[in-house]
Amino acid sequence: MRNRQGLGRLLGHRLGPGHLLGHRLGRPFGWLWTAYGTSALGTWLAFGAFPLIAIRVLHAGPAEVAALSSVGAAVGAAVAVPLGPWTEFRRKRPVLIAMDLVRFAALLTVPAAFALGVLTFVQLLLVSVVVAAADITFRAASGAYLKTLLPAEDLLVANARFESTAWTTTIIGPPLGGAAIGLLGPVATVLADAVSYLLSALGIRATGGHEPRPEHRQAARVRARDLLDGWRYILADAALRPLFFNTALFNALVMAAQPLLAVLMLGRLGFAPWQYGLAFAAPSIGGLLGSRLARPLVIRFGQHRVLVASGVLRAIWPVGLAFLGPGTEGLLLVIGVELGLIFCCGVFNPVYTTYRLERTATDRVARTLSAWAVTTKATTALLTAVWGVLGGLLGPRTAIGLAGVLLLATPLLLPRRTTAPLSEPAPAPAPGRL
């Protein structure tokens, strides 16, 4: 009972009873949030669809299936490099709509080619590259757009809502997508994903309002030296630099171990596919709880303390997967580890996203976020390939344990000092703001 009362005080600290749920960010943000949720749900509905199409329809081998995720993401990241500087000097709302429409059009070619009987593996690979590049550009533009849409004090609320939506769609999307694949086939879920991006574009268009035009620079074209602007800005900032390396390495190590965990669970330990799905879907509830607690924790303990504490705590869980065994005990171990990991990530992610936006000048956001996303995707692709080799040499369990041990060192890269956000004029309230 005492713990429940403490949690209640935390949730209510400086907040009215409905403040957290009813904190209004205005109609434009409401449309942006709806668009995000729609496209996120579409992505999870189609989760795993490309590998299934490659295997079942095109009879691709393991190397080709692996290339869809690793090579597609890496090449997509490379393609996105010049798009960061290009995005910086344009209004972000049209860029967001354009990236949604690009993803819609690219994905739509898959069911169209399938219906005509001309679908090839090369097309799947090209579509994965286009979607990966558009994803990075969309994320960069959305961060910059959000910073102009809302005042600084509302950024954490907004990012927490995005985070909770991400985990909600993670819970409901894959089961619905799996059912749809079973009834209609994987191509149908790709079509649903494509439509979700079209709906997202319509939602972003409905945000309306006036977006300030970025300052024009002297050169109209993107020069070669401009491609590194995002990285220069990150590495020159004492607060962003350690966080940049921390998040890139953490995400890459976590993702690199996932294929090996699938091999271990579905192969040697004999878990059923539904058990494997349950082990990762059920713990996503922790992400919902973590994202809801992020703002109250920041209010009570301060942004820097919450950032560091959640960043440390999320690193201690994955090493436990090295002790995975068969049966119910093994399944509960995975669920427990993933629940702890996802809860800590649910707290960390909105706080870190807000911290990053506050530390980045408005005229640098798109380039900075683009460089950040490119590095994260490229690092993940590289370490996934490396851990695939290590898994073959050392065995999946040892390779998973090695990733967990290295993750224990990632908190050393978290910012050690409290830094004030950049002093910038607050944006004017958006039209229709309540």
# chains A, B, ... in the order shown; residues from 1 in each chain; ligands from 1
call {"tool": "residues_around", "arguments": {"residues": "range 392-396 of chain A", "least_positions_apart": "5", "cutoff": "12 Å", "atoms": "only C-alpha atoms", "output": "PyMOL selection string"}}
result
chain A and resi 256-269+321-324+385-387+401-403
call {"tool": "residues_around", "arguments": {"residues": "range 135-150 of chain A", "least_positions_apart": "3", "cutoff": "7 Å", "atoms": "only C-alpha atoms", "output": "PDB file with C-alpha atoms, in the first residue's frame"}}
result
ATOM      1  CA  ALA A  80      19.731  10.057 -46.586  1.00  0.00           C
ATOM      2  CA  LEU A  83      18.840  15.016 -47.412  1.00  0.00           C
ATOM      3  CA  GLY A  84      19.603  16.407 -43.930  1.00  0.00           C
ATOM      4  CA  THR A  87      15.741  19.577 -45.363  1.00  0.00           C
ATOM      5  CA  LYS A  92       9.388  21.059 -42.606  1.00  0.00           C
ATOM      6  CA  ARG A  93       5.683  20.388 -43.052  1.00  0.00           C
ATOM      7  CA  VAL A  95       8.991  17.758 -46.352  1.00  0.00           C
ATOM      8  CA  LEU A  96       7.048  15.534 -43.941  1.00  0.00           C
ATOM      9  CA  MET A  99       8.407  11.734 -47.293  1.00  0.00           C
ATOM     10  CA  VAL A 131      11.791   3.628 -47.285  1.00  0.00           C
ATOM     11  CA  ALA A 132      14.877   3.686 -45.014  1.00  0.00           C
ATOM     12  CA  ASP A 154       5.630  21.204 -23.856  1.00  0.00           C
ATOM     13  CA  LEU A 155       8.260  19.181 -25.696  1.00  0.00           C
ATOM     14  CA  THR A 362      16.492  25.540 -34.234  1.00  0.00           C
ATOM     15  CA  VAL A 365      17.806  20.470 -35.873  1.00  0.00           C
ATOM     16  CA  ALA A 366      17.216  18.757 -39.224  1.00  0.00           C
ATOM     17  CA  LEU A 369      18.769  14.598 -36.275  1.00  0.00           C
ATOM     18  CA  SER A 370      19.583  13.335 -39.754  1.00  0.00           C
ATOM     19  CA  ALA A 373      19.677   8.689 -37.406  1.00  0.00           C
ATOM     20  CA  VAL A 374      22.153   7.883 -40.190  1.00  0.00           C
ATOM     21  CA  PRO A 427       7.668  30.029 -31.006  1.00  0.00           C
ATOM     22  CA  ALA A 430      -0.045  27.643 -32.981  1.00  0.00           C
TER      23      ALA A 430
END
call {"tool": "residues_around", "arguments": {"residues": "Leu331 in chain A", "least_positions_apart": "6", "cutoff": "12 Å", "atoms": "only C-alpha atoms", "output": "VMD selection string"}}
result
chain A and resid 265 to 266 269 to 280 282 to 283 321 323 to 325 337 to 338
call {"tool": "residues_around", "arguments": {"residues": "range 108-123 of chain A", "least_positions_apart": "2", "cutoff": "10 Å", "atoms": "only C-alpha atoms", "output": "NGL selection string"}}
result
:A and (50 or 53-55 or 57-60 or 64-65 or 68 or 102-106 or 125-129 or 186-195)
call {"tool": "write_last_selection", "arguments": {"atoms": "N, CA and C atoms", "output": "PDB file, in the first residue's frame"}}
result
ATOM      1  N   PHE A  50       8.375  -8.171 -45.550  1.00  0.00           N
ATOM      2  CA  PHE A  50       9.353  -8.274 -46.628  1.00  0.00           C
ATOM      3  C   PHE A  50      10.113  -9.603 -46.592  1.00  0.00           C
ATOM      4  N   ILE A  53       7.751 -12.288 -47.826  1.00  0.00           N
ATOM      5  CA  ILE A  53       7.557 -12.223 -49.279  1.00  0.00           C
ATOM      6  C   ILE A  53       8.777 -12.788 -49.995  1.00  0.00           C
ATOM      7  N   ALA A  54       9.961 -12.416 -49.502  1.00  0.00           N
ATOM      8  CA  ALA A  54      11.192 -12.909 -50.125  1.00  0.00           C
ATOM      9  C   ALA A  54      11.277 -14.432 -50.057  1.00  0.00           C
ATOM     10  N   ILE A  55      10.865 -14.987 -48.907  1.00  0.00           N
ATOM     11  CA  ILE A  55      10.981 -16.441 -48.723  1.00  0.00           C
ATOM     12  C   ILE A  55       9.875 -17.187 -49.452  1.00  0.00           C
ATOM     13  N   VAL A  57       7.369 -16.020 -51.640  1.00  0.00           N
ATOM     14  CA  VAL A  57       7.000 -15.658 -53.018  1.00  0.00           C
ATOM     15  C   VAL A  57       8.199 -15.765 -53.957  1.00  0.00           C
ATOM     16  N   LEU A  58       9.358 -15.257 -53.500  1.00  0.00           N
ATOM     17  CA  LEU A  58      10.524 -15.197 -54.374  1.00  0.00           C
ATOM     18  C   LEU A  58      11.531 -16.311 -54.096  1.00  0.00           C
ATOM     19  N   HIS A  59      11.258 -17.138 -53.075  1.00  0.00           N
ATOM     20  CA  HIS A  59      12.114 -18.279 -52.731  1.00  0.00           C
ATOM     21  C   HIS A  59      13.574 -17.854 -52.505  1.00  0.00           C
ATOM     22  N   ALA A  60      13.729 -16.740 -51.769  1.00  0.00           N
ATOM     23  CA  ALA A  60      15.069 -16.212 -51.476  1.00  0.00           C
ATOM     24  C   ALA A  60      15.735 -17.041 -50.388  1.00  0.00           C
ATOM     25  N   GLU A  64      20.019 -13.459 -48.912  1.00  0.00           N
ATOM     26  CA  GLU A  64      19.168 -12.428 -49.503  1.00  0.00           C
ATOM     27  C   GLU A  64      18.216 -11.837 -48.473  1.00  0.00           C
ATOM     28  N   VAL A  65      17.671 -12.680 -47.606  1.00  0.00           N
ATOM     29  CA  VAL A  65      16.764 -12.186 -46.572  1.00  0.00           C
ATOM     30  C   VAL A  65      17.504 -11.246 -45.619  1.00  0.00           C
ATOM     31  N   LEU A  68      17.961  -7.708 -46.952  1.00  0.00           N
ATOM     32  CA  LEU A  68      16.817  -6.803 -46.930  1.00  0.00           C
ATOM     33  C   LEU A  68      16.873  -5.857 -45.731  1.00  0.00           C
ATOM     34  N   VAL A 102       6.377   9.590 -50.561  1.00  0.00           N
ATOM     35  CA  VAL A 102       7.427   8.761 -51.154  1.00  0.00           C
ATOM     36  C   VAL A 102       7.320   7.329 -50.634  1.00  0.00           C
ATOM     37  N   ARG A 103       7.130   7.180 -49.319  1.00  0.00           N
ATOM     38  CA  ARG A 103       7.003   5.840 -48.752  1.00  0.00           C
ATOM     39  C   ARG A 103       5.731   5.151 -49.240  1.00  0.00           C
ATOM     40  N   PHE A 104       4.655   5.911 -49.352  1.00  0.00           N
ATOM     41  CA  PHE A 104       3.405   5.364 -49.888  1.00  0.00           C
ATOM     42  C   PHE A 104       3.605   4.831 -51.305  1.00  0.00           C
ATOM     43  N   ALA A 105       4.220   5.649 -52.148  1.00  0.00           N
ATOM     44  CA  ALA A 105       4.415   5.246 -53.541  1.00  0.00           C
ATOM     45  C   ALA A 105       5.364   4.061 -53.665  1.00  0.00           C
ATOM     46  N   ALA A 106       6.456   4.086 -52.884  1.00  0.00           N
ATOM     47  CA  ALA A 106       7.430   2.997 -52.960  1.00  0.00           C
ATOM     48  C   ALA A 106       6.814   1.672 -52.527  1.00  0.00           C
ATOM     49  N   LEU A 125      14.524  -4.924 -52.478  1.00  0.00           N
ATOM     50  CA  LEU A 125      15.709  -4.283 -51.922  1.00  0.00           C
ATOM     51  C   LEU A 125      15.691  -2.780 -52.179  1.00  0.00           C
ATOM     52  N   LEU A 126      15.309  -2.384 -53.386  1.00  0.00           N
ATOM     53  CA  LEU A 126      15.236  -0.957 -53.717  1.00  0.00           C
ATOM     54  C   LEU A 126      14.172  -0.244 -52.886  1.00  0.00           C
ATOM     55  N   VAL A 127      13.041  -0.902 -52.706  1.00  0.00           N
ATOM     56  CA  VAL A 127      11.982  -0.304 -51.899  1.00  0.00           C
ATOM     57  C   VAL A 127      12.444  -0.140 -50.454  1.00  0.00           C
ATOM     58  N   SER A 128      13.158  -1.122 -49.920  1.00  0.00           N
ATOM     59  CA  SER A 128      13.660  -1.022 -48.541  1.00  0.00           C
ATOM     60  C   SER A 128      14.650   0.127 -48.407  1.00  0.00           C
ATOM     61  N   VAL A 129      15.455   0.370 -49.443  1.00  0.00           N
ATOM     62  CA  VAL A 129      16.404   1.491 -49.431  1.00  0.00           C
ATOM     63  C   VAL A 129      15.653   2.820 -49.428  1.00  0.00           C
ATOM     64  N   PRO A 186       1.299 -11.846 -46.871  1.00  0.00           N
ATOM     65  CA  PRO A 186       2.126 -10.703 -46.465  1.00  0.00           C
ATOM     66  C   PRO A 186       1.999  -9.489 -47.373  1.00  0.00           C
ATOM     67  N   VAL A 187       1.650  -9.682 -48.634  1.00  0.00           N
ATOM     68  CA  VAL A 187       1.531  -8.546 -49.551  1.00  0.00           C
ATOM     69  C   VAL A 187       0.416  -7.610 -49.099  1.00  0.00           C
ATOM     70  N   ALA A 188      -0.648  -8.175 -48.511  1.00  0.00           N
ATOM     71  CA  ALA A 188      -1.766  -7.346 -48.053  1.00  0.00           C
ATOM     72  C   ALA A 188      -1.331  -6.404 -46.942  1.00  0.00           C
ATOM     73  N   THR A 189      -0.428  -6.857 -46.058  1.00  0.00           N
ATOM     74  CA  THR A 189       0.025  -5.980 -44.981  1.00  0.00           C
ATOM     75  C   THR A 189       0.941  -4.877 -45.502  1.00  0.00           C
ATOM     76  N   VAL A 190       1.669  -5.135 -46.575  1.00  0.00           N
ATOM     77  CA  VAL A 190       2.466  -4.080 -47.204  1.00  0.00           C
ATOM     78  C   VAL A 190       1.540  -3.015 -47.773  1.00  0.00           C
ATOM     79  N   LEU A 191       0.433  -3.442 -48.363  1.00  0.00           N
ATOM     80  CA  LEU A 191      -0.554  -2.485 -48.878  1.00  0.00           C
ATOM     81  C   LEU A 191      -1.123  -1.647 -47.736  1.00  0.00           C
ATOM     82  N   ALA A 192      -1.418  -2.289 -46.594  1.00  0.00           N
ATOM     83  CA  ALA A 192      -1.929  -1.551 -45.439  1.00  0.00           C
ATOM     84  C   ALA A 192      -0.897  -0.544 -44.935  1.00  0.00           C
ATOM     85  N   ASP A 193       0.371  -0.933 -44.944  1.00  0.00           N
ATOM     86  CA  ASP A 193       1.439  -0.021 -44.528  1.00  0.00           C
ATOM     87  C   ASP A 193       1.514   1.176 -45.467  1.00  0.00           C
ATOM     88  N   ALA A 194       1.402   0.917 -46.767  1.00  0.00           N
ATOM     89  CA  ALA A 194       1.434   2.009 -47.749  1.00  0.00           C
ATOM     90  C   ALA A 194       0.288   2.990 -47.503  1.00  0.00           C
ATOM     91  N   VAL A 195      -0.906   2.458 -47.276  1.00  0.00           N
ATOM     92  CA  VAL A 195      -2.068   3.318 -47.043  1.00  0.00           C
ATOM     93  C   VAL A 195      -1.885   4.133 -45.764  1.00  0.00           C
TER      94      VAL A 195
END
call {"tool": "residues_around", "arguments": {"residues": "Ala133 in chain A", "least_positions_apart": "5", "cutoff": "7 Å", "atoms": "only C-alpha atoms", "output": "list in words"}}
result
Gly76, Ala77, Val79 and Ala80 of chain A
call {"tool": "residues_around", "arguments": {"residues": "Ala281 in chain A", "least_positions_apart": "6", "cutoff": "12 Å", "atoms": "only C-alpha atoms", "output": "list in words"}}
result
Trp44, Trp167, Thr168, Thr169, Thr170, Ile171, Ile172, Gly173, Pro174, Pro175, Leu176, Trp274, Gln275, Gly287, Val334, Ile335, Gly336, Glu338, Leu339 and Ile342 of chain A
call {"tool": "residues_around", "arguments": {"residues": "Val308 in chain A", "least_positions_apart": "5", "cutoff": "10 Å", "atoms": "only C-alpha atoms", "output": "VMD selection string"}}
result
chain A and resid 303 313 348 351 to 352 411 to 417
call {"tool": "closest_residue", "arguments": {"among": "A:Leu289, A:Leu333, A:Ala206, A:Leu227", "to": "Glu163 in chain A", "atoms": "only C-alpha atoms"}}
result
A:Leu289
call {"tool": "select_by_dssp", "arguments": {"residues": "range 51-252 of chain A", "states": "helix (DSSP H, G or I)", "output": "ChimeraX atom specification"}}
result
/A:51-57,62-80,83-88,92-116,121-149,152-184,186-205,224-236,240-252
call {"tool": "closest_residue", "arguments": {"among": "A:Leu407, A:Leu383, A:Val298, A:Leu199", "to": "Ala74 in chain A", "atoms": "only C-alpha atoms"}}
result
A:Leu383
call {"tool": "decode", "arguments": {"residues": "range 71-86 of chain A", "atoms": "all heavy atoms", "output": "mmCIF file, in the first residue's frame"}}
result
data_model
loop_
_atom_site.group_PDB
_atom_site.id
_atom_site.type_symbol
_atom_site.label_atom_id
_atom_site.label_comp_id
_atom_site.auth_asym_id
_atom_site.auth_seq_id
_atom_site.Cartn_x
_atom_site.Cartn_y
_atom_site.Cartn_z
ATOM 1 N N VAL A 71 21.619 -4.558 -45.586
ATOM 2 C CA VAL A 71 22.050 -3.753 -46.741
ATOM 3 C C VAL A 71 21.049 -2.654 -47.030
ATOM 4 O O VAL A 71 21.414 -1.503 -47.305
ATOM 5 C CB VAL A 71 22.252 -4.651 -47.974
ATOM 6 C CG1 VAL A 71 22.624 -3.813 -49.189
ATOM 7 C CG2 VAL A 71 23.326 -5.696 -47.702
ATOM 8 N N GLY A 72 19.755 -2.989 -46.965
ATOM 9 C CA GLY A 72 18.739 -1.969 -47.228
ATOM 10 C C GLY A 72 18.853 -0.795 -46.287
ATOM 11 O O GLY A 72 18.794 0.367 -46.700
ATOM 12 N N ALA A 73 19.028 -1.076 -44.978
ATOM 13 C CA ALA A 73 19.147 0.005 -43.997
ATOM 14 C C ALA A 73 20.426 0.806 -44.192
ATOM 15 O O ALA A 73 20.421 2.043 -44.095
ATOM 16 C CB ALA A 73 19.106 -0.580 -42.587
ATOM 17 N N ALA A 74 21.539 0.119 -44.475
ATOM 18 C CA ALA A 74 22.822 0.803 -44.639
ATOM 19 C C ALA A 74 22.814 1.705 -45.867
ATOM 20 O O ALA A 74 23.243 2.866 -45.810
ATOM 21 C CB ALA A 74 23.950 -0.220 -44.735
ATOM 22 N N VAL A 75 22.346 1.183 -46.992
ATOM 23 C CA VAL A 75 22.303 1.996 -48.209
ATOM 24 C C VAL A 75 21.297 3.130 -48.058
ATOM 25 O O VAL A 75 21.532 4.267 -48.499
ATOM 26 C CB VAL A 75 21.962 1.119 -49.432
ATOM 27 C CG1 VAL A 75 21.825 1.967 -50.689
ATOM 28 C CG2 VAL A 75 23.024 0.040 -49.633
ATOM 29 N N GLY A 76 20.168 2.840 -47.412
ATOM 30 C CA GLY A 76 19.191 3.899 -47.161
ATOM 31 C C GLY A 76 19.770 5.011 -46.320
ATOM 32 O O GLY A 76 19.504 6.195 -46.556
ATOM 33 N N ALA A 77 20.588 4.657 -45.318
ATOM 34 C CA ALA A 77 21.247 5.671 -44.495
ATOM 35 C C ALA A 77 22.192 6.518 -45.328
ATOM 36 O O ALA A 77 22.261 7.744 -45.167
ATOM 37 C CB ALA A 77 21.992 5.006 -43.342
ATOM 38 N N ALA A 78 22.926 5.881 -46.235
ATOM 39 C CA ALA A 78 23.846 6.623 -47.102
ATOM 40 C C ALA A 78 23.087 7.578 -48.019
ATOM 41 O O ALA A 78 23.501 8.723 -48.240
ATOM 42 C CB ALA A 78 24.694 5.648 -47.919
ATOM 43 N N VAL A 79 21.972 7.106 -48.562
ATOM 44 C CA VAL A 79 21.152 7.954 -49.444
ATOM 45 C C VAL A 79 20.615 9.156 -48.679
ATOM 46 O O VAL A 79 20.471 10.254 -49.238
ATOM 47 C CB VAL A 79 19.997 7.126 -50.041
ATOM 48 C CG1 VAL A 79 19.017 8.025 -50.784
ATOM 49 C CG2 VAL A 79 20.544 6.051 -50.980
ATOM 50 N N ALA A 80 20.324 8.979 -47.381
ATOM 51 C CA ALA A 80 19.731 10.057 -46.586
ATOM 52 C C ALA A 80 20.726 11.129 -46.174
ATOM 53 O O ALA A 80 20.308 12.208 -45.729
ATOM 54 C CB ALA A 80 19.074 9.465 -45.334
ATOM 55 N N VAL A 81 22.031 10.878 -46.318
ATOM 56 C CA VAL A 81 23.046 11.834 -45.856
ATOM 57 C C VAL A 81 22.848 13.231 -46.454
ATOM 58 O O VAL A 81 22.821 14.227 -45.717
ATOM 59 C CB VAL A 81 24.468 11.307 -46.132
ATOM 60 C CG1 VAL A 81 25.505 12.398 -45.910
ATOM 61 C CG2 VAL A 81 24.773 10.115 -45.226
ATOM 62 N N PRO A 82 22.703 13.385 -47.776
ATOM 63 C CA PRO A 82 22.523 14.744 -48.309
ATOM 64 C C PRO A 82 21.145 15.327 -48.048
ATOM 65 O O PRO A 82 20.946 16.540 -48.235
ATOM 66 C CB PRO A 82 22.749 14.551 -49.819
ATOM 67 C CG PRO A 82 22.391 13.130 -50.081
ATOM 68 C CD PRO A 82 22.806 12.384 -48.852
ATOM 69 N N LEU A 83 20.190 14.507 -47.618
ATOM 70 C CA LEU A 83 18.840 15.016 -47.412
ATOM 71 C C LEU A 83 18.724 15.830 -46.126
ATOM 72 O O LEU A 83 17.809 16.647 -45.997
ATOM 73 C CB LEU A 83 17.840 13.851 -47.381
ATOM 74 C CG LEU A 83 17.699 13.077 -48.693
ATOM 75 C CD1 LEU A 83 16.722 11.926 -48.530
ATOM 76 C CD2 LEU A 83 17.254 13.999 -49.821
ATOM 77 N N GLY A 84 19.632 15.620 -45.153
ATOM 78 C CA GLY A 84 19.603 16.407 -43.930
ATOM 79 C C GLY A 84 19.835 17.887 -44.187
ATOM 80 O O GLY A 84 18.987 18.725 -43.833
ATOM 81 N N PRO A 85 20.960 18.258 -44.824
ATOM 82 C CA PRO A 85 21.171 19.669 -45.160
ATOM 83 C C PRO A 85 20.094 20.218 -46.093
ATOM 84 O O PRO A 85 19.706 21.384 -45.981
ATOM 85 C CB PRO A 85 22.541 19.652 -45.859
ATOM 86 C CG PRO A 85 23.215 18.433 -45.332
ATOM 87 C CD PRO A 85 22.128 17.424 -45.117
ATOM 88 N N TRP A 86 19.615 19.392 -47.008
ATOM 89 C CA TRP A 86 18.546 19.832 -47.928
ATOM 90 C C TRP A 86 17.283 20.174 -47.153
ATOM 91 O O TRP A 86 16.616 21.180 -47.430
ATOM 92 C CB TRP A 86 18.278 18.721 -48.942
ATOM 93 C CG TRP A 86 17.134 19.006 -49.871
ATOM 94 C CD1 TRP A 86 17.169 19.740 -51.021
ATOM 95 C CD2 TRP A 86 15.776 18.557 -49.726
ATOM 96 N NE1 TRP A 86 15.911 19.773 -51.597
ATOM 97 C CE2 TRP A 86 15.047 19.060 -50.819
ATOM 98 C CE3 TRP A 86 15.119 17.780 -48.779
ATOM 99 C CZ2 TRP A 86 13.683 18.810 -50.995
ATOM 100 C CZ3 TRP A 86 13.768 17.530 -48.935
ATOM 101 C CH2 TRP A 86 13.067 18.035 -50.031
#
